[in-house]
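Heads up, the thing below is written out as structure tokens.
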Amino acid sequence: MTDLQVRAYRDGDAAAVAALINLLSEAGGGHSGHVAAEIEDFIAGEVRDAATDTRLVTDAGGRLVAFAAVPVPPGGGDRLELIGGVLPDRRGEGLGRQLLAWQLERAAALHAEVAPDAGWQGQVVAGDADASAARLYERFGFTPARYFLEMSAPTTPPPVAVPSRVRIAAYDPVREHDLHAVHTAAFRELWGYQERAFDSWATLTAHSASFLPGLSRLALAGDGDGDGATIAGYVLTYASDVPGRVYVGHVGTAPDRRRQGIAGALLAEVLRAAGREGYASAGLDTDADNPTGAAGVYARVGFAVDQRVVAYRRTV
């Protein structure tokens, strides 16, 4: 590997990192679609210091062949998503082992510095068809912890009725603090969720450059258009690197409004709106064992499973 150079992430690298992650996703049998804005949000919002907590590996021609980063959990959180990977044509040279070993060493140092009394878990993910990634993770003591589904749907959903006393409205930034509260309540008890303060949450969602407010929707319940209406559910949509596709990044329903058909009605409206804007399909990810039955809701509006993704964990 004498042709390789290692350095930290710097401004201008986001597009190359997104392209690398897309290639890794496709190699594992899954979705691509990640965009540069996602990487910028991740570095700005979750990586404490890019100079010490990221590594990029380039070859003699300047091609990015590997990337690794070590974030810190949000306040009170316990999970570090160790993002990274090696191009398929450079696997088998030991580069993945070196980068993952570095990530775990750096994670341990951050744990000792930031929250030595907390229990931190390192998490990595791979498509269930990515045998080489699975072997690497298991070699380092990671074990499967949860399965997720990557799903996609055409932007031609079946008719879905809107529940009574609920109306579907365009995304309204005036309601973003209320939306944050509903999102937190909706996800707080679900597997792997880490609660974030508003500013941290907004950086990764409604304030992201990848966010598509025109293709996001709120379900409002109650009287009138003003303060009397409350958010019963929401769908937040984001740009994708795949031509003709959008990414449905967040679907949530207020806990007291579940199982009333709100999420299905929201998704159907978002799919129709995306179709009117010229998009042919939408993608999303969901926990295969989500206790709210999310996968079934998505299937009823046309989403089908493309592949399963495995989340592996080990103690930091």
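Identifiers in this document derive from the order of the structure tokens: chains are assigned A, B, ..., residues are numbered from 1 separately in each chain, and ligands are numbered from 1 in order of occurrence.
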
Inset, instruction - Mind the document's chain letters and residue numbers, and return as a VMD selection string the residues of stretch 258-303 of chain A that DSSP labels alpha helix (DSSP H). - result: chain A and resid 262 to 276 294 to 300

Hey, could you make a per-residue contact list for stretch 58-123 of chain A against stretch 185-202 of chain A with 12 Å as the cut-off, showing the nearest pair of atoms and its distance in Å to one decimal, counting only C-alpha atoms, sorted by chain and number, as JSON lines?
```
{"residue": "A:Val72", "atom": "CA", "partner": "A:Gln194", "partner_atom": "CA", "distance": 11.5}
{"residue": "A:Pro73", "atom": "CA", "partner": "A:Gln194", "partner_atom": "CA", "distance": 7.9}
{"residue": "A:Pro74", "atom": "CA", "partner": "A:Arg196", "partner_atom": "CA", "distance": 6.1}
{"residue": "A:Gly75", "atom": "CA", "partner": "A:Arg196", "partner_atom": "CA", "distance": 7.3}
{"residue": "A:Gly76", "atom": "CA", "partner": "A:Glu195", "partner_atom": "CA", "distance": 7.9}
{"residue": "A:Gly77", "atom": "CA", "partner": "A:Gln194", "partner_atom": "CA", "distance": 5.5}
{"residue": "A:Asp78", "atom": "CA", "partner": "A:Gln194", "partner_atom": "CA", "distance": 7.7}
{"residue": "A:Arg79", "atom": "CA", "partner": "A:Gly192", "partner_atom": "CA", "distance": 7.7}
{"residue": "A:Leu80", "atom": "CA", "partner": "A:Gln194", "partner_atom": "CA", "distance": 10.3}
{"residue": "A:Glu81", "atom": "CA", "partner": "A:Gly192", "partner_atom": "CA", "distance": 10.7}
{"residue": "A:Gln121", "atom": "CA", "partner": "A:Gly192", "partner_atom": "CA", "distance": 10.3}
{"residue": "A:Gly122", "atom": "CA", "partner": "A:Gly192", "partner_atom": "CA", "distance": 11.6}
{"residue": "A:Gln123", "atom": "CA", "partner": "A:Gly192", "partner_atom": "CA", "distance": 10.0}
```

Can those selected residues be exported to a file as a PDB file, in the first residue's frame so that it contains all heavy atoms?
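Result saved to selection-v7.pdb:
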```
ATOM      1  N   VAL A  72     -19.125  11.585  18.148  1.00  0.00           N
ATOM      2  CA  VAL A  72     -19.451  11.397  19.564  1.00  0.00           C
ATOM      3  C   VAL A  72     -20.968  11.377  19.681  1.00  0.00           C
ATOM      4  O   VAL A  72     -21.667  12.032  18.908  1.00  0.00           O
ATOM      5  CB  VAL A  72     -18.861  12.510  20.453  1.00  0.00           C
ATOM      6  CG1 VAL A  72     -17.346  12.434  20.488  1.00  0.00           C
ATOM      7  CG2 VAL A  72     -19.306  13.884  19.986  1.00  0.00           C
ATOM      8  N   PRO A  73     -21.507  10.611  20.630  1.00  0.00           N
ATOM      9  CA  PRO A  73     -22.962  10.588  20.800  1.00  0.00           C
ATOM     10  C   PRO A  73     -23.470  11.958  21.239  1.00  0.00           C
ATOM     11  O   PRO A  73     -22.724  12.744  21.842  1.00  0.00           O
ATOM     12  CB  PRO A  73     -23.177   9.546  21.904  1.00  0.00           C
ATOM     13  CG  PRO A  73     -21.904   8.773  21.978  1.00  0.00           C
ATOM     14  CD  PRO A  73     -20.826   9.718  21.570  1.00  0.00           C
ATOM     15  N   PRO A  74     -24.734  12.261  20.972  1.00  0.00           N
ATOM     16  CA  PRO A  74     -25.312  13.483  21.533  1.00  0.00           C
ATOM     17  C   PRO A  74     -25.344  13.380  23.053  1.00  0.00           C
ATOM     18  O   PRO A  74     -25.185  12.283  23.615  1.00  0.00           O
ATOM     19  CB  PRO A  74     -26.718  13.517  20.939  1.00  0.00           C
ATOM     20  CG  PRO A  74     -27.021  12.094  20.606  1.00  0.00           C
ATOM     21  CD  PRO A  74     -25.718  11.478  20.207  1.00  0.00           C
ATOM     22  N   GLY A  75     -25.517  14.505  23.723  1.00  0.00           N
ATOM     23  CA  GLY A  75     -25.521  14.514  25.175  1.00  0.00           C
ATOM     24  C   GLY A  75     -26.458  13.468  25.745  1.00  0.00           C
ATOM     25  O   GLY A  75     -27.644  13.448  25.411  1.00  0.00           O
ATOM     26  N   GLY A  76     -25.929  12.596  26.589  1.00  0.00           N
ATOM     27  CA  GLY A  76     -26.731  11.536  27.178  1.00  0.00           C
ATOM     28  C   GLY A  76     -26.864  10.311  26.316  1.00  0.00           C
ATOM     29  O   GLY A  76     -27.433   9.305  26.754  1.00  0.00           O
ATOM     30  N   GLY A  77     -26.345  10.360  25.079  1.00  0.00           N
ATOM     31  CA  GLY A  77     -26.439   9.217  24.182  1.00  0.00           C
ATOM     32  C   GLY A  77     -25.359   8.188  24.465  1.00  0.00           C
ATOM     33  O   GLY A  77     -24.428   8.430  25.239  1.00  0.00           O
ATOM     34  N   ASP A  78     -25.472   7.043  23.787  1.00  0.00           N
ATOM     35  CA  ASP A  78     -24.522   5.964  24.062  1.00  0.00           C
ATOM     36  C   ASP A  78     -24.044   5.249  22.809  1.00  0.00           C
ATOM     37  O   ASP A  78     -23.355   4.246  22.900  1.00  0.00           O
ATOM     38  CB  ASP A  78     -25.148   4.942  25.007  1.00  0.00           C
ATOM     39  CG  ASP A  78     -26.355   4.222  24.405  1.00  0.00           C
ATOM     40  OD1 ASP A  78     -26.777   4.584  23.285  1.00  0.00           O
ATOM     41  OD2 ASP A  78     -26.875   3.298  25.054  1.00  0.00           O
ATOM     42  N   ARG A  79     -24.413   5.733  21.618  1.00  0.00           N
ATOM     43  CA  ARG A  79     -24.062   5.019  20.395  1.00  0.00           C
ATOM     44  C   ARG A  79     -23.190   5.868  19.480  1.00  0.00           C
ATOM     45  O   ARG A  79     -23.499   7.014  19.199  1.00  0.00           O
ATOM     46  CB  ARG A  79     -25.327   4.630  19.631  1.00  0.00           C
ATOM     47  CG  ARG A  79     -25.051   3.732  18.429  1.00  0.00           C
ATOM     48  CD  ARG A  79     -26.305   3.408  17.651  1.00  0.00           C
ATOM     49  NE  ARG A  79     -26.733   4.511  16.797  1.00  0.00           N
ATOM     50  CZ  ARG A  79     -27.781   5.277  17.017  1.00  0.00           C
ATOM     51  NH1 ARG A  79     -28.524   5.079  18.100  1.00  0.00           N
ATOM     52  NH2 ARG A  79     -28.097   6.250  16.195  1.00  0.00           N
ATOM     53  N   LEU A  80     -22.084   5.284  19.026  1.00  0.00           N
ATOM     54  CA  LEU A  80     -21.222   5.923  18.034  1.00  0.00           C
ATOM     55  C   LEU A  80     -21.379   5.159  16.721  1.00  0.00           C
ATOM     56  O   LEU A  80     -21.074   3.971  16.657  1.00  0.00           O
ATOM     57  CB  LEU A  80     -19.745   5.861  18.438  1.00  0.00           C
ATOM     58  CG  LEU A  80     -19.278   6.569  19.688  1.00  0.00           C
ATOM     59  CD1 LEU A  80     -19.530   5.696  20.905  1.00  0.00           C
ATOM     60  CD2 LEU A  80     -17.790   6.881  19.575  1.00  0.00           C
ATOM     61  N   GLU A  81     -21.853   5.825  15.706  1.00  0.00           N
ATOM     62  CA  GLU A  81     -21.954   5.198  14.392  1.00  0.00           C
ATOM     63  C   GLU A  81     -20.629   5.401  13.680  1.00  0.00           C
ATOM     64  O   GLU A  81     -20.306   6.497  13.232  1.00  0.00           O
ATOM     65  CB  GLU A  81     -23.111   5.795  13.604  1.00  0.00           C
ATOM     66  CG  GLU A  81     -24.450   5.539  14.278  1.00  0.00           C
ATOM     67  CD  GLU A  81     -25.596   5.466  13.291  1.00  0.00           C
ATOM     68  OE1 GLU A  81     -25.378   5.015  12.154  1.00  0.00           O
ATOM     69  OE2 GLU A  81     -26.692   5.871  13.687  1.00  0.00           O
ATOM     70  N   GLN A 121     -21.575   2.236  22.985  1.00  0.00           N
ATOM     71  CA  GLN A 121     -21.590   1.144  22.027  1.00  0.00           C
ATOM     72  C   GLN A 121     -21.148   1.661  20.662  1.00  0.00           C
ATOM     73  O   GLN A 121     -21.673   2.663  20.175  1.00  0.00           O
ATOM     74  CB  GLN A 121     -23.000   0.553  21.903  1.00  0.00           C
ATOM     75  CG  GLN A 121     -23.508  -0.143  23.159  1.00  0.00           C
ATOM     76  CD  GLN A 121     -22.815  -1.476  23.368  1.00  0.00           C
ATOM     77  OE1 GLN A 121     -22.681  -2.266  22.435  1.00  0.00           O
ATOM     78  NE2 GLN A 121     -22.376  -1.733  24.599  1.00  0.00           N
ATOM     79  N   GLY A 122     -20.186   0.980  20.062  1.00  0.00           N
ATOM     80  CA  GLY A 122     -19.820   1.284  18.686  1.00  0.00           C
ATOM     81  C   GLY A 122     -20.728   0.516  17.749  1.00  0.00           C
ATOM     82  O   GLY A 122     -21.039  -0.654  17.989  1.00  0.00           O
ATOM     83  N   GLN A 123     -21.175   1.175  16.693  1.00  0.00           N
ATOM     84  CA  GLN A 123     -22.082   0.520  15.749  1.00  0.00           C
ATOM     85  C   GLN A 123     -21.565   0.680  14.325  1.00  0.00           C
ATOM     86  O   GLN A 123     -21.118   1.759  13.927  1.00  0.00           O
ATOM     87  CB  GLN A 123     -23.491   1.108  15.851  1.00  0.00           C
ATOM     88  CG  GLN A 123     -24.495   0.484  14.884  1.00  0.00           C
ATOM     89  CD  GLN A 123     -25.905   0.938  15.159  1.00  0.00           C
ATOM     90  OE1 GLN A 123     -26.427   0.756  16.273  1.00  0.00           O
ATOM     91  NE2 GLN A 123     -26.549   1.529  14.163  1.00  0.00           N
TER      92      GLN A 123
END
```

Inset, instruction - Do a neighbour search on stretch 54-63 of chain A at 9 Å with only C-alpha atoms, toss out local chain neighbours closer than 3 positions, and write the hits as a list in words. - result: Met1, Thr2, Asp3, Leu4, Gln5, Val6, Arg7, Ala8, Tyr9, Ala16, Val17, Ile43, Val47, Asp49, Ala50, Ala51, Ala66, Phe67, Ala68, Ala69, Val70, Pro71, Val86, Leu99 and Gln103 of chain A

Inset, instruction - Assign secondary structure with DSSP using the backbone only, and return the residues of stretch 106-240 of chain A in strand (DSSP E or B) as a PyMOL selection string. - result: chain A and resi 121-127+143-154+166-170+211+217-222+229-239

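The shortest atom-to-atom distance to A:Val301, with only C-alpha atoms taken into account, belongs to A:Thr156 out of A:Pro243, A:Gly278, A:Arg257, A:Thr156.
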
Inset, instruction - Have a look at atom CA of A:Ile83 and atom CA of A:His177 and let me know their distance in Å, one decimal. - result: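 Distance reported for this atom pair: 28.7 Å.
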
Legend entry - Test item: residues at most 8 Å from A:Ile262, only C-alpha atoms, excluding those fewer than 4 positions along its chain, as a list in words: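 Final neighbour list, sorted by chain and number: Val162, Pro163, Ala219, Ala232, Gly233, Thr253, Arg257, Arg258 and Leu266 of chain A.
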